[in-house]
Amino acid sequence: MQLKIEENGAVRVIYVKEERLDAHNSDEFKAELNRQFESGMKDLLIDLKEVRFIDSSGLGVLVSGFKNASARQGSLKLSELQNQVKSMFELTRLHRVFDIFQTVDDALKSY
Amino acid sequence: MKSIIDIEIVVPNQTRYLSMIGKIGENLVRELDRFKGDREELAHHLNVVLTEAVVNAIKHANAADPNKDIQIRISASDQEICIKVYDSGQGFDLTSVPDPSFETDPLDEKGRGIFIIRSLMDSVEYKKSNGGNVLEIKKKLG
């Protein structure tokens, strides 16, 4: 799975460089999120600019990360959702759960 | 002029084929000449539904056994799209999945797959078929 990970102060920005976030790569993504938390990071920003498609497994991993971050008094925020991806958040009502930003810069200003 | 498309796909019980199967669903929508609705949205919905249905068969029905197969049959006419996903496993209980019309816990990590299929399509059934099971999903067109 292609990810680009950048540090920005206390925030770790994870760019998902995949067209799909689905049951095929969600376990690998979950393992990477867990690695970040275990290394002491608690504020993660996930950029989904390149993700055209997300399924219930992809959504489930983001929920898992959100709960993990919250349990550590941190946060998991999202940026740059494509329309089809956004529609899946709306269908499952997860758009009410996550802080979702237009750009990485907008998200970084929120910390 | 006859315009019924019938596609049959058999793939090993592995998630690596999800993208290919989803794209077949998207491409099928391009061939529905008489469909008057939002083509891009329907293409996305078929991709999602095929992905969810196949994942369900891989993980829950075929118990992630990579030596089993999954058979998928997609039929499209002017009136309806019908997707059938056959598994040869123990099956699962469709009735245990919450109804999309009820507010579910948004922070559950699992159980969204069938919810999503039910929300996007018109009917979902899971029944016995030739020693295995079939998940049968229908969407009315027009």
# chains A, B, ... in the order shown; residues from 1 in each chain; ligands from 1

$ interface_residues --of "chain A" --to "chain B" --cutoff "8 Å" --atoms "only C-alpha atoms" --output "PyMOL selection string"
chain A and resi 20+23-24+54-57+59-61+63-64+67+84+91-94+97

$ write_last_selection --atoms "C-alpha atoms" --output "PDB file, in the first residue's frame"
ATOM      1  CA  ARG A  20      -9.098   2.525  -3.470  1.00  0.00           C
ATOM      2  CA  ALA A  23     -11.002  -4.609   2.176  1.00  0.00           C
ATOM      3  CA  HIS A  24      -7.866  -5.418   0.185  1.00  0.00           C
ATOM      4  CA  ILE A  54     -13.879   3.704  -0.183  1.00  0.00           C
ATOM      5  CA  ASP A  55     -15.845   0.702   1.117  1.00  0.00           C
ATOM      6  CA  SER A  56     -17.114  -0.323   4.561  1.00  0.00           C
ATOM      7  CA  SER A  57     -13.725  -1.825   5.465  1.00  0.00           C
ATOM      8  CA  LEU A  59     -14.515   3.394   6.673  1.00  0.00           C
ATOM      9  CA  GLY A  60     -14.121   0.892   9.526  1.00  0.00           C
ATOM     10  CA  VAL A  61     -10.364   1.490   9.725  1.00  0.00           C
ATOM     11  CA  VAL A  63     -13.419   4.751  12.690  1.00  0.00           C
ATOM     12  CA  SER A  64     -10.965   2.496  14.515  1.00  0.00           C
ATOM     13  CA  LYS A  67     -11.516   5.891  18.494  1.00  0.00           C
ATOM     14  CA  GLN A  84     -17.845   9.628  -4.172  1.00  0.00           C
ATOM     15  CA  LEU A  91     -24.634   7.432   3.661  1.00  0.00           C
ATOM     16  CA  THR A  92     -23.166   5.937   6.845  1.00  0.00           C
ATOM     17  CA  ARG A  93     -23.591   9.232   8.752  1.00  0.00           C
ATOM     18  CA  LEU A  94     -19.874   9.294   9.513  1.00  0.00           C
ATOM     19  CA  VAL A  97     -18.290  12.032  13.421  1.00  0.00           C
TER      20      VAL A  97
END

$ select_by_dssp --residues "region 5-142 of chain B" --states "alpha helix (DSSP H)" --output "PyMOL selection string"
chain B and resi 18-30+39-56+112-120

$ residues_around --residues "Val124 (chain B)" --least-positions-apart "6" --cutoff "7 Å" --atoms "only C-alpha atoms" --output "PyMOL selection string"
chain B and resi 118+136-138

$ write_last_selection --atoms "N, CA and C atoms" --output "PDB file, in the first residue's frame"
ATOM      1  N   ARG B 118     -28.041  -2.489   1.309  1.00  0.00           N
ATOM      2  CA  ARG B 118     -29.494  -2.267   1.466  1.00  0.00           C
ATOM      3  C   ARG B 118     -29.870  -0.821   1.177  1.00  0.00           C
ATOM      4  N   GLU B 136     -28.550 -12.240  -3.234  1.00  0.00           N
ATOM      5  CA  GLU B 136     -29.201 -11.744  -4.450  1.00  0.00           C
ATOM      6  C   GLU B 136     -29.661 -10.306  -4.220  1.00  0.00           C
ATOM      7  N   ILE B 137     -29.165  -9.431  -5.071  1.00  0.00           N
ATOM      8  CA  ILE B 137     -29.389  -7.989  -4.884  1.00  0.00           C
ATOM      9  C   ILE B 137     -30.027  -7.426  -6.151  1.00  0.00           C
ATOM     10  N   LYS B 138     -31.073  -6.636  -5.980  1.00  0.00           N
ATOM     11  CA  LYS B 138     -31.743  -6.078  -7.163  1.00  0.00           C
ATOM     12  C   LYS B 138     -31.889  -4.564  -7.063  1.00  0.00           C
TER      13      LYS B 138
END

$ atom_distance --atom1 "CA of Asp87 (chain B)" --atom2 "CA of Ile21 (chain B)"
15.6 Å

$ closest_residue --among "B:Gly37, B:Pro12, B:Gly132, B:Leu42" --to "Asp65 (chain B)" --atoms "only C-alpha atoms"
B:Pro12

$ select_by_dssp --residues "region 4-110 of chain B" --states "strand (DSSP E)" --output "ChimeraX atom specification"
/B:5-12,69-76,80-87

$ residues_around --residues "Asp105 (chain A)" --least-positions-apart "4" --cutoff "12 Å" --atoms "only C-alpha atoms" --output "tab-separated table (two decimals) with N, CA and C atoms, in the first residue's frame"
chain	number	residue	atom	x	y	z
A	8	ASN	N	4.37	17.31	10.86
A	8	ASN	CA	4.12	18.74	10.86
A	8	ASN	C	3.88	19.13	12.32
A	11	VAL	N	1.62	16.98	14.59
A	11	VAL	CA	0.64	16.27	13.77
A	11	VAL	C	1.35	15.41	12.73
A	13	VAL	N	0.91	13.73	9.21
A	13	VAL	CA	0.02	13.77	8.05
A	13	VAL	C	0.27	12.52	7.20
A	45	LEU	N	-3.61	13.29	10.71
A	45	LEU	CA	-4.44	13.86	9.65
A	45	LEU	C	-4.30	12.94	8.44
A	47	ASP	N	-5.02	12.36	4.59
A	47	ASP	CA	-5.41	13.05	3.35
A	47	ASP	C	-5.86	12.01	2.33
A	78	LEU	N	-9.64	14.40	8.72
A	78	LEU	CA	-9.57	14.00	7.31
A	78	LEU	C	-9.53	15.23	6.41
A	79	SER	N	-8.85	15.08	5.26
A	79	SER	CA	-8.88	16.19	4.30
A	79	SER	C	-9.03	15.68	2.87
A	80	GLU	N	-9.56	16.59	2.01
A	80	GLU	CA	-9.66	16.41	0.55
A	80	GLU	C	-10.43	15.16	0.13
A	101	PHE	N	-11.84	18.44	6.31
A	101	PHE	CA	-11.37	19.73	5.79
A	101	PHE	C	-11.14	19.66	4.29
A	109	LYS	N	-4.39	24.15	10.27
A	109	LYS	CA	-4.71	25.38	11.03
A	109	LYS	C	-5.65	25.10	12.18
A	110	SER	N	-6.35	23.97	12.14
A	110	SER	CA	-7.36	23.69	13.17
A	110	SER	C	-6.76	23.14	14.48
A	111	TYR	N	-5.48	22.82	14.45
A	111	TYR	CA	-4.89	22.23	15.67
A	111	TYR	C	-4.46	23.33	16.64

$ atom_distance --atom1 "CA of Asp93 (chain B)" --atom2 "CA of Glu90 (chain A)"
26.0 Å
